[in-house]
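Here is the structure we will look at.
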Amino acid sequence: MTDPEASKPPPGRPHRFEPLPEWVGVSTRLVHGARRPEYNAGAVVPPIYQTSTFHWPPERSESSDRARPYLYTRLENPSLEVPTELIRGLEGAESGRLFGSGMGAITATVLSLLRSGDEVVALAGLYGGTTDLLTDLLPRYGVRVREISVADARAPESVVGERTRLAIVESPTNPLLTVHDLARWGQATDRAGAILLVDNTFATPINQNPLALGADLVVHSATKYLGGHSDLVAGVVVGPERLISRIDSKGYFGAAVDPFVGFLLARGLRTLSLRVARQNENARAVAEAIREHSAVTRVHYPGWGGPEEEAIAARQMRGRGGMLSVSLRGGVEAAERFLSRLRLVHIAASLGGVESLASVPRLTSHRHLSAAELAARGIDEGLVRLSLGIEETADLVRDVTEALDALPGS
């Protein structure tokens with residue numbers, strides 16, 4: 001007979017999460033995943049371990065990882081392990097690490113994996129904060145950054161070279177929702193011996209899994225869809241343990257997650273699949289409703305960039321997401337008038353919450369770029385980005401179309 005005491009983990013370390021049957025679906029895994037009630041005094045909802053430090057038993061050996069207790073919340077905390085486990089499972093990753101923001105996650109990842117003399121290949125259509133990091137900070141430390149146009153990104157094998165150590169891709173991109181062939185990027189980086197990092201924030205793990213398509217690492221701003229309620233700030237990176245173990249393993253960058261944020265993130269993840277399904281539906285309905293509106297020059301939506309993009313989106317995405325952008329006739333004045341006529345959609349930065357949001361990229365996510373840089377990226381003065389929430393579809397369609405109807409010339 002097996003001694004039950006012998007199978008227990010060392011004091012201070014988490015019990016292993018209860019396994020779920022292989023046949024359960026995504027929604028079930030989000031609700032019942034990362035369970036260890038015996039570790040949490042039987043609590044169905046994991047508690048908040050609101051502490052900065054932990055008791056270190058004097059008999060514990062610092063050299064024995066198996067016997068190592070928790071030390072300090074900047075490095076680890078039980079409240080952070082549940083959301084990390086849920087996200088890891090969603091993306092099909094071996095390991096993951098949470099950070100205090102999406103930019104904390106991507107900055108720690110980039111700085112942990114690169115050294116002076118390395119080359120980074122990055123899409124020109126990345127999130128503005130990521131672009132600023134790559135073009136402003138990294139060159140100061142001897143890292144060469146090559147920005148790749150949307151056209152050149154169609155053939156990644158021609159732009160990923162033998163000097164490339166890291167390639168950073170978003171698909172769909174922010175804010176023009178361009179779709180890129182992640183499998184093709186994975187093949188190109190594999191041949192070059194480079195790491196492929198994909199920002200999957202817009203798509204979410206419900207709609208797309210980059211690791212299964214050939215990516216090495218996936219990063220999310222968990223502030224957005226993963227949290228889903230516009231009440232927390234966090235980031236996460238997932239991938240193989242051999243890479244995750246290199247990313248800020250000693251907490252040098254200090255981008256720690258507060259335990260209460262970990263609790264909120266775990267709570268938000270439980271309903272992720274339900275929220276994203278409704279957001280997919282709402283974004284598609286609004287995009288279709290305004291596509292031919294006289295006040296609109298173009299609706300930017302995943303797969304609508306042409307037949308090639310549509311084929312890629314159909315192949316690698318299960319849903320197209322809750323985001324779209326609209327270019328308005330009349331530029332700045334039209335954008336301002338449109339925003340002022342919205343009654344349900346909030347005017348605010350960020351995305352992925354239960355409420356619909358509208359923002360102007362040149363003033364928010366891409367405010368660091370010059371007018372020339374914005375124009376080169378196709379971000380026109382009349383561009384408005386919409387993040388559709390979980391409201392009634394008909395209500396959102398009416399709100400957006402009536403705001404467009406109020407524009408001159410409509």
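Residue names in the structure tokens use chain letters A, B, ... in the order shown, residue numbers from 1 in each chain, and ligand numbers from 1 in the order shown.
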- All residues 8 Å or closer to Leu113 (chain A), only C-alpha atoms, same chain fewer than 2 positions away omitted, as number ranges by chain: A: 109-111, 115, 246-247
- Message: So that I can check the secondary structure, give me every residue of region 70-241 of chain A assigned alpha helix (DSSP H) by backbone DSSP, as a PyMOL selection string.
- Response: chain A and resi 78-91+102-113+128-132+150-153+182-192+204-207+210-213+241
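One distance worth recording is that between CA of Ala203 (chain A) and CA of Gly321 (chain A), which is 5.5 Å.
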- Message: Env of region 67-81 of chain A: 10 Å cut, atoms = only C-alpha atoms, seq-sep filter 5 positions within chain, self excluded. Answer as number ranges by chain.
- Response: A: 9-14, 17, 34, 39-40, 46-57, 59-62, 86, 96-99, 248-266
How close does region 146-259 of chain A get to region 359-369 of chain A? List, as CSV, each residue of region 146-259 of chain A within 10 Å, its nearest atom pair and the distance in Å to one decimal, counting only C-alpha atoms.
residue,atom,partner,partner_atom,distance
A:Asn174,CA,A:Ser365,CA,8.6
A:Pro175,CA,A:Pro361,CA,7.0
A:Leu176,CA,A:Pro361,CA,9.9
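Non-sequential neighbours of Ala406 (chain A) (distance at most 12 Å, separation of 6 or more positions within a chain, only C-alpha atoms) are His293, Ser294, Ala295, Ala334, Ala335, Glu336, Arg337, Phe338, Leu339, Ser340, Arg341, Leu342, Asp399 and Val400 of chain A.
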- Using DSSP on the backbone, list every residue of region 195-404 of chain A that comes out as strand (DSSP E or B), and give them as a ChimeraX atom specification. /A:195-199,217-221,235-239,296-300,323-328,346-347,357-359,383-387
Would you put the residues from that selection into a file with N, CA and C atoms, as a short mmCIF file (atom, residue, chain, number, x, y, z; two decimals), in the first residue's frame?
data_model
loop_
_atom_site.label_atom_id
_atom_site.label_comp_id
_atom_site.auth_asym_id
_atom_site.auth_seq_id
_atom_site.Cartn_x
_atom_site.Cartn_y
_atom_site.Cartn_z
N ILE A 195 13.63 32.82 -32.73
CA ILE A 195 12.45 32.65 -31.89
C ILE A 195 11.32 33.48 -32.48
N LEU A 196 10.14 32.88 -32.60
CA LEU A 196 8.96 33.61 -33.06
C LEU A 196 8.06 33.92 -31.87
N LEU A 197 7.88 35.22 -31.61
CA LEU A 197 7.01 35.70 -30.54
C LEU A 197 5.76 36.30 -31.16
N VAL A 198 4.60 35.81 -30.78
CA VAL A 198 3.33 36.30 -31.33
C VAL A 198 2.51 36.96 -30.24
N ASP A 199 2.09 38.19 -30.50
CA ASP A 199 1.15 38.88 -29.61
C ASP A 199 -0.26 38.44 -30.02
N LEU A 217 6.72 31.49 -28.67
CA LEU A 217 6.19 32.16 -27.48
C LEU A 217 4.95 32.95 -27.86
N VAL A 218 4.03 33.06 -26.91
CA VAL A 218 2.82 33.86 -27.10
C VAL A 218 2.69 34.82 -25.92
N VAL A 219 2.42 36.08 -26.24
CA VAL A 219 2.25 37.10 -25.20
C VAL A 219 0.85 37.69 -25.30
N HIS A 220 0.29 38.05 -24.16
CA HIS A 220 -1.02 38.70 -24.09
C HIS A 220 -0.95 39.89 -23.16
N SER A 221 -1.66 40.94 -23.51
CA SER A 221 -2.04 41.92 -22.51
C SER A 221 -3.28 41.36 -21.85
N GLY A 235 -0.13 41.15 -17.68
CA GLY A 235 0.37 40.57 -18.93
C GLY A 235 0.85 39.17 -18.68
N VAL A 236 1.00 38.39 -19.75
CA VAL A 236 1.43 37.01 -19.61
C VAL A 236 2.20 36.58 -20.84
N VAL A 237 3.18 35.71 -20.64
CA VAL A 237 3.88 35.07 -21.74
C VAL A 237 3.86 33.57 -21.48
N VAL A 238 3.59 32.77 -22.52
CA VAL A 238 3.55 31.32 -22.39
C VAL A 238 4.36 30.69 -23.50
N GLY A 239 4.82 29.47 -23.24
CA GLY A 239 5.62 28.74 -24.21
C GLY A 239 6.33 27.58 -23.56
N VAL A 296 -18.06 56.12 -44.73
CA VAL A 296 -16.93 55.24 -44.48
C VAL A 296 -16.13 55.02 -45.76
N THR A 297 -14.82 55.15 -45.65
CA THR A 297 -13.96 54.82 -46.79
C THR A 297 -13.50 53.38 -46.74
N ARG A 298 -13.34 52.84 -45.53
CA ARG A 298 -12.96 51.43 -45.40
C ARG A 298 -13.22 50.93 -43.99
N VAL A 299 -13.67 49.70 -43.90
CA VAL A 299 -13.77 48.99 -42.62
C VAL A 299 -12.64 47.98 -42.56
N HIS A 300 -11.85 48.06 -41.51
CA HIS A 300 -10.73 47.14 -41.31
C HIS A 300 -11.20 46.03 -40.37
N MET A 323 -12.80 43.04 -32.60
CA MET A 323 -12.22 44.32 -32.97
C MET A 323 -12.49 44.66 -34.43
N LEU A 324 -12.65 45.96 -34.68
CA LEU A 324 -12.65 46.47 -36.04
C LEU A 324 -12.23 47.93 -35.99
N SER A 325 -11.76 48.44 -37.11
CA SER A 325 -11.44 49.86 -37.22
C SER A 325 -12.14 50.40 -38.45
N VAL A 326 -12.49 51.68 -38.41
CA VAL A 326 -13.21 52.30 -39.51
C VAL A 326 -12.53 53.60 -39.90
N SER A 327 -12.25 53.76 -41.19
CA SER A 327 -11.68 55.00 -41.73
C SER A 327 -12.84 55.87 -42.23
N LEU A 328 -12.93 57.08 -41.70
CA LEU A 328 -14.07 57.96 -41.99
C LEU A 328 -13.69 59.04 -42.98
N HIS A 346 -18.49 53.57 -25.12
CA HIS A 346 -17.64 54.48 -24.36
C HIS A 346 -16.48 54.97 -25.23
N ILE A 347 -16.05 56.21 -25.01
CA ILE A 347 -14.86 56.75 -25.65
C ILE A 347 -13.72 56.54 -24.66
N LEU A 357 -15.99 49.92 -26.59
CA LEU A 357 -15.14 51.09 -26.49
C LEU A 357 -14.76 51.59 -27.87
N ALA A 358 -14.57 52.89 -28.00
CA ALA A 358 -14.08 53.50 -29.22
C ALA A 358 -12.89 54.38 -28.88
N SER A 359 -11.86 54.36 -29.75
CA SER A 359 -10.69 55.19 -29.52
C SER A 359 -10.09 55.60 -30.85
N LEU A 383 -9.23 57.54 -38.69
CA LEU A 383 -9.35 56.15 -38.24
C LEU A 383 -9.85 56.08 -36.80
N VAL A 384 -10.91 55.32 -36.57
CA VAL A 384 -11.45 55.06 -35.24
C VAL A 384 -11.45 53.55 -35.01
N ARG A 385 -10.95 53.13 -33.86
CA ARG A 385 -10.93 51.70 -33.52
C ARG A 385 -12.08 51.39 -32.58
N LEU A 386 -12.77 50.30 -32.86
CA LEU A 386 -13.90 49.87 -32.04
C LEU A 386 -13.61 48.51 -31.42
N SER A 387 -13.84 48.42 -30.12
CA SER A 387 -13.80 47.15 -29.40
C SER A 387 -15.23 46.84 -28.99
#
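Among the candidates A:Val345, A:Glu38, A:Gly129, A:Trp185, the residue lying nearest to Arg398 (chain A) is A:Val345 (atoms considered: only C-alpha atoms).
Using only C-alpha atoms, the smallest distance between any of A:Pro139, A:Gly322, A:Gly161, A:Pro240 and Ile206 (chain A) comes from A:Gly322.
The closest residue to Ala124 (chain A), picked from A:Val332, A:Ala222, A:Ala289, A:Ala376 and counting only C-alpha atoms, is A:Ala376.
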- Query: Neighbours of Leu20 (chain A) within 8 Å (only C-alpha atoms; same-chain residues fewer than 2 positions away dropped), as a ChimeraX atom specification?
  - Reply: /A:18,22,24,29,32-33
I need the chosen residues saved as a PDB file, in the first residue's frame, with C-alpha atoms.
ATOM      1  CA  GLU A  18      -6.471  18.250 -10.426  1.00  0.00           C
ATOM      2  CA  GLU A  22      -9.342  14.780 -21.987  1.00  0.00           C
ATOM      3  CA  VAL A  24     -13.971  18.205 -21.760  1.00  0.00           C
ATOM      4  CA  ARG A  29     -11.766  23.697 -18.640  1.00  0.00           C
ATOM      5  CA  HIS A  32     -13.097  23.628 -13.591  1.00  0.00           C
ATOM      6  CA  GLY A  33      -9.446  23.980 -14.532  1.00  0.00           C
TER       7      GLY A  33
END
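Across A:Ile290, A:Leu166, A:Leu374, A:Ala285, the tightest approach to Glu392 (chain A) is made by A:Ala285 when counting only C-alpha atoms.
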- Query: Interatomic distance between CA of Leu123 (chain A) and CA of Glu147 (chain A)?
  - Reply: 5.6 Å
- For Ser149 (chain A), which residue among A:Glu119, A:Glu355, A:Asp395, A:Glu373 is the nearest when counting only C-alpha atoms? A:Glu373
